[in-house]
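Everything below belongs to coords-v2.cif, which stores mmCIF, C-alpha atoms.
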data_run
loop_
_atom_site.label_atom_id
_atom_site.label_comp_id
_atom_site.auth_asym_id
_atom_site.auth_seq_id
_atom_site.Cartn_x
_atom_site.Cartn_y
_atom_site.Cartn_z
CA MET K 1 44.58 -32.70 17.70
CA LYS K 2 41.91 -30.17 18.72
CA ILE K 3 42.54 -26.44 18.59
CA ARG K 4 42.07 -26.10 22.35
CA ASP K 5 45.07 -28.43 22.79
CA TRP K 6 47.32 -26.34 20.52
CA ASP K 7 50.36 -24.45 21.71
CA GLN K 8 49.54 -20.80 22.53
CA ASN K 9 51.77 -19.65 19.65
CA LEU K 10 49.57 -21.45 17.12
CA LYS K 11 46.31 -20.12 18.58
CA VAL K 12 47.58 -16.56 18.34
CA ARG K 13 48.81 -17.13 14.78
CA LEU K 14 45.56 -18.73 13.64
CA PHE K 15 43.57 -15.68 14.75
CA GLY K 16 46.02 -13.11 13.42
CA GLU K 17 46.78 -14.83 10.12
CA SER K 18 43.08 -15.48 9.43
CA LEU K 19 42.43 -11.75 9.72
CA ILE K 20 45.34 -10.79 7.50
CA ASN K 21 44.46 -13.44 4.90
CA ILE K 22 40.94 -12.05 4.52
CA THR K 23 42.20 -8.49 4.07
CA PHE K 24 44.97 -9.66 1.71
CA TRP K 25 42.52 -11.48 -0.56
CA MET K 26 40.33 -8.39 -0.68
CA PHE K 27 42.80 -6.77 -3.08
CA PHE K 28 45.46 -9.31 -4.14
CA PRO K 29 43.40 -11.01 -6.93
CA PHE K 30 42.91 -7.61 -8.55
CA MET K 31 46.60 -6.64 -8.64
CA ALA K 32 47.06 -8.15 -12.11
CA ILE K 33 44.28 -5.85 -13.33
CA TYR K 34 45.91 -2.84 -11.68
CA PHE K 35 49.35 -3.44 -13.21
CA THR K 36 48.05 -4.25 -16.70
CA GLU K 37 46.03 -1.02 -16.69
CA ALA K 38 49.06 0.93 -15.49
CA PHE K 39 51.86 -0.59 -17.61
CA GLY K 40 50.16 -2.48 -20.42
CA LYS K 41 49.98 -6.25 -20.71
CA ASP K 42 53.44 -6.84 -22.15
CA LYS K 43 55.32 -4.79 -19.54
CA ALA K 44 53.11 -5.93 -16.66
CA GLY K 45 53.84 -9.59 -17.44
CA VAL K 46 57.60 -9.00 -17.38
CA LEU K 47 57.42 -6.97 -14.16
CA LEU K 48 55.39 -9.66 -12.39
CA ILE K 49 58.01 -12.23 -13.41
CA VAL K 50 60.77 -10.04 -11.95
CA SER K 51 58.75 -9.69 -8.74
CA GLN K 52 58.41 -13.47 -8.44
CA ILE K 53 62.13 -14.04 -9.05
CA PHE K 54 62.97 -11.84 -6.05
CA SER K 55 60.47 -13.82 -3.97
CA VAL K 56 62.07 -17.12 -5.07
CA PHE K 57 65.48 -16.01 -3.79
CA ALA K 58 63.89 -14.74 -0.58
CA SER K 59 62.20 -18.10 0.01
CA LEU K 60 65.55 -19.87 -0.47
CA MET K 61 67.08 -17.72 2.26
CA GLY K 62 64.01 -17.79 4.51
CA GLY K 63 64.90 -21.12 6.12
CA TYR K 64 68.43 -19.91 6.93
CA CYS K 65 67.15 -16.68 8.48
CA ALA K 66 64.55 -18.57 10.56
CA ASP K 67 67.32 -20.79 12.00
CA VAL K 68 69.84 -18.01 12.59
CA PHE K 69 67.66 -15.12 13.72
CA GLY K 70 64.72 -17.08 15.15
CA ARG K 71 61.19 -17.92 14.03
CA LYS K 72 59.49 -15.16 16.00
CA ARG K 73 61.91 -12.43 14.95
CA MET K 74 61.60 -13.25 11.24
CA MET K 75 57.80 -13.45 11.40
CA VAL K 76 57.52 -10.14 13.28
CA LEU K 77 59.96 -8.32 10.98
CA SER K 78 58.30 -9.77 7.87
CA ALA K 79 54.83 -8.72 9.03
CA TYR K 80 56.05 -5.19 9.83
CA GLY K 81 57.75 -5.10 6.41
CA GLN K 82 54.56 -6.14 4.66
CA GLY K 83 52.56 -3.58 6.60
CA ALA K 84 54.95 -0.77 5.66
CA ALA K 85 55.00 -1.89 2.00
CA PHE K 86 51.21 -1.95 1.75
CA PHE K 87 50.97 1.40 3.55
CA PHE K 88 53.18 3.10 0.96
CA PHE K 89 51.36 1.17 -1.78
CA ALA K 90 48.13 2.69 -0.49
CA LEU K 91 49.67 6.17 -0.53
CA ALA K 92 50.78 5.56 -4.14
CA SER K 93 47.13 4.77 -5.00
CA SER K 94 45.58 7.58 -2.99
CA PRO K 95 43.38 10.44 -4.23
CA TRP K 96 46.33 12.81 -3.65
CA PHE K 97 49.17 10.87 -5.26
CA SER K 98 49.24 8.11 -7.87
CA SER K 99 52.38 6.23 -8.95
CA PRO K 100 52.09 2.68 -10.34
CA HIS K 101 55.91 2.44 -10.28
CA VAL K 102 55.99 3.04 -6.53
CA GLY K 103 53.06 0.67 -6.19
CA PHE K 104 54.89 -2.09 -8.03
CA LEU K 105 58.02 -1.58 -5.90
CA CYS K 106 55.91 -1.84 -2.73
CA PHE K 107 54.11 -4.92 -4.08
CA THR K 108 57.48 -6.58 -4.75
CA ILE K 109 58.78 -5.74 -1.26
CA ALA K 110 55.59 -7.14 0.27
CA GLY K 111 56.09 -10.37 -1.71
CA ILE K 112 59.69 -10.65 -0.50
CA CYS K 113 58.59 -10.14 3.12
CA GLY K 114 55.94 -12.83 2.67
CA ALA K 115 58.58 -15.21 1.28
CA PHE K 116 60.66 -14.70 4.44
CA TYR K 117 57.60 -15.17 6.68
CA TRP K 118 56.50 -18.54 5.29
CA PRO K 119 59.54 -20.76 6.17
CA ALA K 120 59.63 -19.38 9.72
CA SER K 121 55.91 -20.01 10.18
CA GLN K 122 56.20 -23.59 8.90
CA ALA K 123 59.24 -24.26 11.08
CA MET K 124 57.39 -23.00 14.15
CA VAL K 125 54.64 -25.59 13.60
CA ALA K 126 57.31 -28.33 13.40
CA ASP K 127 58.91 -26.95 16.60
CA VAL K 128 55.81 -27.14 18.80
CA VAL K 129 53.64 -29.91 17.29
CA PRO K 130 54.44 -33.65 17.53
CA GLU K 131 54.95 -35.27 14.15
CA GLU K 132 51.79 -37.36 14.32
CA HIS K 133 49.61 -34.23 14.72
CA ARG K 134 51.30 -31.88 12.22
CA SER K 135 49.08 -32.83 9.27
CA SER K 136 45.92 -31.89 11.15
CA VAL K 137 47.41 -28.56 12.28
CA PHE K 138 48.56 -27.68 8.76
CA ALA K 139 45.08 -28.66 7.51
CA VAL K 140 43.42 -26.15 9.85
CA PHE K 141 45.69 -23.34 8.65
CA TYR K 142 45.04 -24.42 5.03
CA THR K 143 41.29 -24.33 5.63
CA SER K 144 41.53 -20.84 7.15
CA VAL K 145 43.30 -19.64 4.00
CA ASN K 146 40.55 -21.05 1.80
CA ILE K 147 37.88 -19.39 3.93
CA ALA K 148 39.74 -16.14 3.32
CA VAL K 149 39.75 -16.89 -0.41
CA VAL K 150 35.95 -17.11 -0.23
CA VAL K 151 35.28 -14.01 1.87
CA GLY K 152 38.06 -11.66 0.72
CA PRO K 153 37.34 -11.49 -3.03
CA ILE K 154 33.62 -10.97 -2.44
CA ILE K 155 34.39 -7.89 -0.34
CA GLY K 156 37.11 -6.82 -2.77
CA GLY K 157 34.81 -7.23 -5.76
CA ILE K 158 32.40 -4.77 -4.16
CA PHE K 159 34.91 -2.12 -3.07
CA TYR K 160 38.06 -2.48 -5.21
CA GLU K 161 36.81 -0.51 -8.21
CA ARG K 162 36.19 2.70 -6.24
CA TYR K 163 38.05 2.20 -2.97
CA ARG K 164 41.42 0.62 -3.81
CA PHE K 165 43.19 3.12 -1.54
CA GLY K 166 41.00 2.10 1.40
CA LEU K 167 41.47 -1.63 0.79
CA LEU K 168 45.25 -1.28 0.66
CA LEU K 169 45.18 0.80 3.83
CA VAL K 170 43.14 -1.89 5.60
CA GLY K 171 45.69 -4.47 4.41
CA ALA K 172 48.56 -2.34 5.76
CA PHE K 173 47.01 -1.90 9.20
CA SER K 174 46.12 -5.61 9.34
CA CYS K 175 49.79 -6.52 8.75
CA LEU K 176 50.93 -4.05 11.39
CA PHE K 177 48.35 -5.44 13.83
CA LEU K 178 49.58 -8.98 13.16
CA ALA K 179 53.21 -7.94 13.69
CA THR K 180 52.37 -6.26 17.01
CA LEU K 181 50.31 -9.26 18.12
CA LEU K 182 53.13 -11.69 17.29
CA ALA K 183 55.73 -9.49 19.00
CA ARG K 184 53.75 -9.39 22.23
CA ARG K 185 52.22 -12.86 22.42
CA LEU K 186 54.64 -15.27 20.70
CA ARG K 187 57.62 -16.98 22.31
CA GLU K 188 60.70 -18.10 20.38
CA THR K 189 60.69 -21.80 19.42
CA ALA K 190 63.91 -22.15 17.39
CA PRO K 191 66.37 -24.77 18.74
CA MET K 192 69.04 -23.20 20.95
CA ARG K 193 72.74 -23.98 21.05
CA GLU K 194 74.43 -25.14 24.24
CA ASN K 195 75.59 -21.59 25.00
CA GLY K 196 72.01 -20.37 24.78
CA GLY K 197 72.26 -18.78 21.34
CA LEU K 198 70.42 -19.69 18.17
CA THR K 199 71.83 -22.06 15.58
CA ARG K 200 74.45 -20.29 13.44
CA GLY K 201 75.93 -20.90 10.02
CA LYS K 202 77.16 -19.05 6.97
CA TRP K 203 74.44 -18.03 4.55
CA GLN K 204 76.61 -19.02 1.57
CA GLU K 205 76.87 -22.58 2.91
CA PHE K 206 73.12 -22.75 3.46
CA LEU K 207 72.35 -21.49 -0.05
CA TRP K 208 74.80 -23.95 -1.59
CA GLN K 209 73.22 -26.77 0.45
CA GLN K 210 69.78 -25.78 -0.90
CA ILE K 211 71.08 -25.86 -4.48
CA ARG K 212 72.66 -29.27 -3.92
CA GLN K 213 69.36 -30.57 -2.56
CA TYR K 214 67.59 -29.45 -5.72
CA SER K 215 70.15 -31.32 -7.85
CA VAL K 216 68.35 -34.52 -6.85
CA ILE K 217 65.94 -33.93 -9.75
CA VAL K 218 68.77 -34.51 -12.23
CA ARG K 219 69.69 -37.87 -10.72
CA ASP K 220 66.15 -39.25 -10.60
CA ARG K 221 64.58 -39.18 -14.09
CA ILE K 222 61.11 -40.16 -12.83
CA PHE K 223 61.17 -37.32 -10.32
CA LEU K 224 62.41 -34.96 -13.04
CA LEU K 225 59.34 -35.83 -15.15
CA PHE K 226 57.17 -35.19 -12.09
CA ILE K 227 58.71 -31.72 -11.66
CA ILE K 228 58.41 -30.76 -15.35
CA ALA K 229 54.82 -32.01 -15.57
CA GLY K 230 53.98 -30.05 -12.41
CA ILE K 231 55.51 -26.85 -13.79
CA LEU K 232 53.45 -27.18 -17.00
CA ALA K 233 50.26 -27.89 -15.05
CA ALA K 234 50.99 -24.87 -12.85
CA GLN K 235 50.71 -22.63 -15.90
CA THR K 236 46.95 -23.26 -15.83
CA PHE K 237 45.93 -23.01 -12.17
CA MET K 238 48.30 -20.09 -11.46
CA GLN K 239 46.32 -18.01 -13.96
CA LEU K 240 43.61 -17.76 -11.30
CA ASP K 241 45.14 -14.51 -10.02
CA LEU K 242 47.00 -13.49 -13.20
CA LEU K 243 45.32 -13.91 -16.59
CA ILE K 244 41.75 -14.75 -15.53
CA PRO K 245 41.09 -11.46 -13.65
CA VAL K 246 42.47 -9.43 -16.57
CA TYR K 247 40.37 -11.46 -19.03
CA THR K 248 37.11 -11.06 -17.09
CA LYS K 249 37.63 -7.32 -16.75
CA ASP K 250 38.33 -6.85 -20.46
CA THR K 251 35.73 -9.19 -21.97
CA VAL K 252 32.86 -9.69 -19.51
CA GLU K 253 30.31 -6.91 -19.85
CA ARG K 254 27.97 -5.90 -17.04
CA GLN K 255 25.36 -8.68 -16.77
CA THR K 256 22.42 -9.62 -14.59
CA LEU K 257 23.14 -12.72 -12.55
CA PHE K 258 19.76 -12.99 -10.79
CA SER K 259 16.48 -11.17 -11.24
CA PHE K 260 13.41 -11.37 -8.98
CA GLY K 261 10.68 -8.95 -9.94
CA ASP K 262 12.04 -5.43 -9.60
CA TRP K 263 15.23 -6.62 -7.87
CA SER K 264 18.27 -7.82 -9.80
CA LEU K 265 21.92 -8.61 -9.10
CA THR K 266 24.11 -7.07 -11.79
CA LEU K 267 27.86 -7.67 -11.95
CA SER K 268 30.69 -6.04 -13.87
CA GLY K 269 33.74 -8.00 -15.03
CA GLU K 270 35.73 -7.21 -11.87
CA LYS K 271 32.87 -8.18 -9.56
CA ALA K 272 32.33 -11.34 -11.63
CA PHE K 273 35.96 -12.30 -11.02
CA GLY K 274 35.50 -11.77 -7.27
CA LEU K 275 32.57 -14.19 -7.46
CA LEU K 276 34.62 -16.75 -9.43
CA ILE K 277 37.58 -16.82 -7.07
CA SER K 278 35.23 -17.03 -4.08
CA GLU K 279 33.54 -19.99 -5.77
CA ASN K 280 36.96 -21.67 -6.12
CA GLY K 281 37.87 -21.06 -2.48
CA LEU K 282 34.50 -22.27 -1.19
CA LEU K 283 34.63 -25.49 -3.22
CA VAL K 284 38.22 -26.21 -2.11
CA ALA K 285 37.34 -25.57 1.56
CA LEU K 286 34.23 -27.79 1.43
CA CYS K 287 35.26 -30.56 -0.92
CA THR K 288 38.98 -31.28 -0.45
CA MET K 289 38.50 -34.19 1.96
CA TRP K 290 35.63 -35.65 -0.06
CA ALA K 291 37.53 -35.41 -3.35
CA THR K 292 40.67 -36.94 -1.82
CA ARG K 293 38.74 -39.96 -0.48
CA TRP K 294 37.05 -40.38 -3.86
CA MET K 295 40.30 -40.21 -5.85
CA GLU K 296 41.98 -42.71 -3.48
CA ARG K 297 39.74 -45.37 -5.06
CA TYR K 298 41.61 -44.98 -8.33
CA HIS K 299 45.21 -45.42 -9.40
CA GLU K 300 47.37 -42.33 -8.88
CA GLN K 301 47.99 -42.16 -12.63
CA THR K 302 44.26 -41.61 -13.18
CA ALA K 303 44.27 -38.72 -10.71
CA PHE K 304 47.33 -36.90 -12.05
CA VAL K 305 46.67 -37.44 -15.76
CA GLY K 306 42.97 -36.73 -15.30
CA SER K 307 43.68 -33.54 -13.36
CA SER K 308 45.87 -32.13 -16.14
CA ILE K 309 43.28 -33.04 -18.78
CA VAL K 310 40.48 -31.37 -16.79
CA TYR K 311 42.69 -28.29 -16.28
CA GLY K 312 43.37 -28.20 -20.02
CA ILE K 313 39.67 -28.37 -20.92
CA ALA K 314 38.73 -25.76 -18.31
CA ILE K 315 41.42 -23.24 -19.28
CA PHE K 316 40.41 -23.59 -22.94
CA LEU K 317 36.76 -22.98 -22.06
CA PHE K 318 37.70 -19.84 -20.12
CA GLY K 319 38.89 -18.33 -23.40
CA GLN K 320 35.51 -19.04 -25.01
CA MET K 321 33.27 -17.70 -22.24
CA THR K 322 31.97 -14.18 -21.77
CA SER K 323 28.76 -14.98 -19.86
CA ILE K 324 28.94 -15.07 -16.07
CA TRP K 325 27.01 -18.34 -15.79
CA GLY K 326 29.35 -19.93 -18.35
CA LEU K 327 32.35 -18.77 -16.31
CA ILE K 328 30.80 -20.13 -13.10
CA PHE K 329 30.43 -23.56 -14.74
CA THR K 330 33.98 -23.39 -16.10
CA MET K 331 35.34 -22.49 -12.64
CA LEU K 332 33.52 -25.52 -11.25
CA LEU K 333 35.36 -27.71 -13.76
CA PHE K 334 38.65 -25.88 -13.09
CA THR K 335 38.32 -26.45 -9.33
CA PHE K 336 37.54 -30.13 -9.87
CA GLY K 337 40.91 -30.43 -11.64
CA GLU K 338 42.56 -28.88 -8.57
CA LEU K 339 40.75 -31.17 -6.13
CA MET K 340 41.69 -34.35 -8.01
CA THR K 341 45.29 -34.18 -6.74
CA ALA K 342 45.01 -31.82 -3.75
CA GLY K 343 45.36 -34.59 -1.18
CA LEU K 344 47.61 -36.96 -3.17
CA GLN K 345 50.64 -34.92 -4.15
CA GLN K 346 52.57 -35.04 -0.87
CA THR K 347 51.84 -38.75 -0.48
CA PHE K 348 53.14 -39.51 -3.96
CA ILE K 349 56.34 -37.52 -3.37
CA ALA K 350 56.96 -39.59 -0.23
CA LYS K 351 56.46 -42.73 -2.29
CA LEU K 352 58.99 -41.59 -4.90
CA ALA K 353 61.62 -40.57 -2.38
CA PRO K 354 64.12 -42.94 -0.73
CA GLU K 355 63.51 -42.89 3.01
CA GLU K 356 66.86 -41.25 3.78
CA MET K 357 66.26 -38.47 1.20
CA ARG K 358 62.65 -37.47 1.81
CA GLY K 359 63.56 -34.00 3.04
CA GLN K 360 65.54 -33.31 -0.14
CA TYR K 361 62.74 -34.61 -2.36
CA PHE K 362 60.12 -32.44 -0.66
CA ALA K 363 62.42 -29.41 -0.95
CA ALA K 364 63.05 -30.10 -4.64
CA ALA K 365 59.33 -30.72 -5.29
CA SER K 366 58.61 -27.10 -4.35
CA LEU K 367 60.29 -26.14 -7.65
CA ARG K 368 56.97 -26.95 -9.34
CA TRP K 369 55.49 -23.87 -7.66
CA THR K 370 58.51 -21.55 -7.53
CA ILE K 371 59.42 -22.00 -11.20
CA GLY K 372 55.77 -22.21 -12.24
CA ARG K 373 54.94 -18.99 -10.41
CA ALA K 374 57.98 -17.24 -11.90
CA ILE K 375 57.01 -17.91 -15.54
CA ALA K 376 53.19 -17.86 -15.26
CA PRO K 377 52.91 -14.05 -15.77
CA LEU K 378 54.19 -14.54 -19.33
CA SER K 379 50.60 -15.38 -20.21
CA ILE K 380 49.61 -11.73 -19.70
CA THR K 381 52.34 -10.61 -22.09
CA ALA K 382 51.32 -13.32 -24.58
CA THR K 383 47.84 -11.84 -24.94
CA THR K 384 49.36 -8.76 -26.62
CA TRP K 385 50.87 -11.00 -29.32
CA LEU K 386 48.29 -13.79 -29.62
CA GLY K 387 45.07 -12.44 -28.14
CA TYR K 388 43.07 -14.07 -25.36
CA GLU K 389 41.67 -17.01 -27.33
CA TRP K 390 45.04 -18.26 -28.59
CA THR K 391 46.72 -17.65 -25.21
CA PHE K 392 44.14 -19.79 -23.44
CA PHE K 393 44.52 -22.40 -26.18
CA LEU K 394 48.30 -22.46 -25.65
CA LEU K 395 47.82 -22.88 -21.90
CA SER K 396 45.49 -25.81 -22.54
CA VAL K 397 48.12 -27.42 -24.79
CA LEU K 398 50.70 -27.10 -22.00
CA SER K 399 48.29 -28.82 -19.63
CA PHE K 400 47.72 -31.69 -22.09
CA ILE K 401 51.51 -32.06 -22.47
CA SER K 402 51.64 -32.25 -18.68
CA ALA K 403 49.12 -35.12 -18.79
CA ALA K 404 51.29 -36.97 -21.34
CA LEU K 405 54.40 -36.51 -19.17
CA TYR K 406 52.55 -37.85 -16.14
CA ALA K 407 51.54 -40.92 -18.18
CA VAL K 408 55.17 -41.52 -19.22
CA MET K 409 56.32 -40.99 -15.64
CA PHE K 410 53.91 -43.56 -14.23
CA ARG K 411 54.95 -46.14 -16.84
CA GLN K 412 58.58 -45.70 -15.80
CA PHE K 413 57.61 -45.76 -12.14
CA ALA K 414 55.78 -49.06 -12.67
CA LYS K 415 58.87 -50.53 -14.36
CA ARG K 416 61.05 -49.42 -11.45
CA ALA K 417 58.64 -50.93 -8.91
CA ALA K 418 58.54 -54.24 -10.85
CA ALA K 419 62.32 -54.46 -11.27
CA PRO K 420 64.09 -56.93 -8.94
CA LEU K 421 66.08 -55.34 -6.13
#

Structure rendered as structure tokens:
Amino acid sequence: MKIRDWDQNLKVRLFGESLINITFWMFFPFMAIYFTEAFGKDKAGVLLIVSQIFSVFASLMGGYCADVFGRKRMMVLSAYGQGAAFFFFALASSPWFSSPHVGFLCFTIAGICGAFYWPASQAMVADVVPEEHRSSVFAVFYTSVNIAVVVGPIIGGIFYERYRFGLLLVGAFSCLFLATLLARRLRETAPMRENGGLTRGKWQEFLWQQIRQYSVIVRDRIFLLFIIAGILAAQTFMQLDLLIPVYTKDTVERQTLFSFGDWSLTLSGEKAFGLLISENGLLVALCTMWATRWMERYHEQTAFVGSSIVYGIAIFLFGQMTSIWGLIFTMLLFTFGELMTAGLQQTFIAKLAPEEMRGQYFAAASLRWTIGRAIAPLSITATTWLGYEWTFFLLSVLSFISAALYAVMFRQFAKRAAAPL
């Protein structure tokens, strides 16, 4: 399905969300640095966990709000909320007033607003795109995010150190621009009741239904192993915007990356991190389809187990590297671990799930990210007790345990497939 054939809602969103994603990634990867400098590593890790817990509850309620209040309304309100949160965050990081506590509160509110935005945005795609074309539409939005991951951190790496206030202000006005654009150009797509109103229901019933859907992981032991292994693996790749930026700032001294005659490119730790995350985004944007086709030649067990092993090796190497070129090579290896399963995960979940329960399985599978994201900031706190080298080593051990769990899961899955019906 070509972009010119898309619904007008999606064209407007693609333009607006691409802009906001670039501005968001100009400062978001450096937030872990900001909070660790302000609160210390131990307190910053705990605060980031609290922030993620609020976002988890918001994401649970996001689907209900999108059905009851409408896709457009939730997206517009969420974008305005994010814009206001980042505006006050900018004021709390301005030359005239500085308050990390206010900044953290605003950062948490922005995360909650984003958690409400996402279910409505996904539901809108399902509303206006036929099922056979949804994958291609989601792929375009996914690619736009990865382009932002390339461009945003490069700009942020240049300006964040001296112009954090300006970057946050740009992020605030981008969110407000998106909200205004959506309010004026989007139409509502939520299913309407016979009397012309939106679908209604009690929020308590919806939340209880969500919890019951997640209980499927207890009944299916193979799926439970899949979830646990995914949570452990998430502790490595979620460090990309948590531990890794803090580590590069603290340990990577200013170095020359290139030198030609009298000209040289010299990077500090923060700018080196901007380069690393841009490298990750560029490789994901360019190589996802190629890597997926390549991994389809092998058994799924090879992809999942191999991905966790590669993650484990890469995260261990991060703790040993202080040279920029060494970190660039390690990020290449780290991204390869990500690409090994990038295109296979959804397909494997569909294979695990009974046909009549696929929706529940996909909902429960998201626990890998919600739980993983909630506990990943503990790594920052762990560095105050163990130091960087041992923290990275512990993360690598978790990834290797993930590989072992995937191996056990696939053995059980093979036995189930071979068992007579």

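Going from CA of Phe27 (chain K) to CA of Gly152 (chain K) covers 7.8 Å.
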
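Run against this file, the PyMOL selection byres ((chain K and resi 49) around 9) gives back K:Ala44, K:Gly45, K:Val46, K:Leu47, K:Leu48, K:Val50, K:Ser51, K:Gln52, K:Ile53, K:Phe54, K:Arg373, K:Ala374, K:Ile375, K:Ala376, K:Pro377, K:Leu378.
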
Is it possible to get the residues within 8 Å of (32.7, -3.3, -14.0) (coordinates as in the file, counting all atoms listed in the file) written as a PyMOL selection string?
chain K and resi 161+249+253-254+267-271

Report as an NGL selection string the full result of the PyMOL selection byres ((chain K and resi 30) around 12) when it is applied to this structure.
:K and (24-29 or 31-37 or 152-161 or 164 or 167-168 or 240-249 or 269-274 or 277)

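Using all atoms listed in the file, the protein and nucleic acid residues lying at most 10 Å from the point (48.0, -32.1, -22.8) are Ala229, Leu232, Ala233, Val305, Ser308, Ile309, Val310, Tyr311, Gly312, Ile313, Leu395, Ser396, Val397, Leu398, Ser399, Phe400, Ile401, Ser402, Ala403, Ala404, Leu405 and Tyr406 of chain K.
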
Axis-aligned box for region 369-386 of chain K, 3 Å per side, centre and edges in Å as JSON:
{"center_x": 53.6, "center_y": -16.3, "center_z": -18.6, "size_x": 17.6, "size_y": 21.1, "size_z": 28.1}

Residue members of the PyMOL selection byres ((chain K and resi 122) around 12) in the file shown, as JSON, numbers by chain
{"K": [10, 13, 62, 63, 66, 67, 71, 72, 74, 75, 115, 116, 117, 118, 119, 120, 121, 123, 124, 125, 126, 127, 128, 129, 134, 135, 137, 138, 141, 142, 189, 190]}

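For the pair CA of Ile227 (chain K) and CA of Trp290 (chain K), the separation is 26.1 Å.
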
Might you pull out every residue within 8 Å of Thr384 (chain K), with all atoms listed in the file counted and same-chain residues fewer than 4 positions away left off, and present them as a PyMOL selection string?
chain K and resi 41-42+380

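The space separating CA of Arg4 (chain K) from CA of Thr288 (chain K) comes to 23.6 Å.
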
Which residues are near region 105-113 of chain K? Cut-off 7 Å, all atoms listed in the file, ignore same chain within fewer than 4 positions. Put them as a VMD selection string.
chain K and resid 51 54 to 55 58 78 81 to 82 85 to 86 88 to 89 101 117

Leaving out region 414-419 of chain K and any residue of its chain fewer than 5 positions from it, which residues lie within 12 Å of it when counting only C-alpha atoms, given as a PyMOL selection string?
chain K and resi 220-222+299-301+351-352+407-409

Using all atoms listed in the file, determine which residues lie at most 12 Å from Phe258 (chain K), disregarding the query and same-chain residues fewer than 6 positions distant; provide the list as a VMD selection string.
chain K and resid 264 to 267 324 to 325

Would you save the residues of that selection, restricted to C-alpha atoms, as a CSV table (one decimal), keeping the file's coordinate frame?
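To be explicit, this is the file written out as part.csv:
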chain,number,residue,atom,x,y,z
K,264,SER,CA,18.3,-7.8,-9.8
K,265,LEU,CA,21.9,-8.6,-9.1
K,266,THR,CA,24.1,-7.1,-11.8
K,267,LEU,CA,27.9,-7.7,-12.0
K,324,ILE,CA,28.9,-15.1,-16.1
K,325,TRP,CA,27.0,-18.3,-15.8

Taking 4 positions as the minimum chain separation for residues in the same chain, which residues sit within 9 Å of Leu332 (chain K) when counting only C-alpha atoms? Answer as a PyMOL selection string.
chain K and resi 279-280+283+314+327-328+336-337

Could you check the closest approach to Arg293 (chain K) for each of K:Met321, K:Leu257, K:Ala342, K:Ile349 and tell me which residue wins, using all atoms listed in the file?
K:Ala342
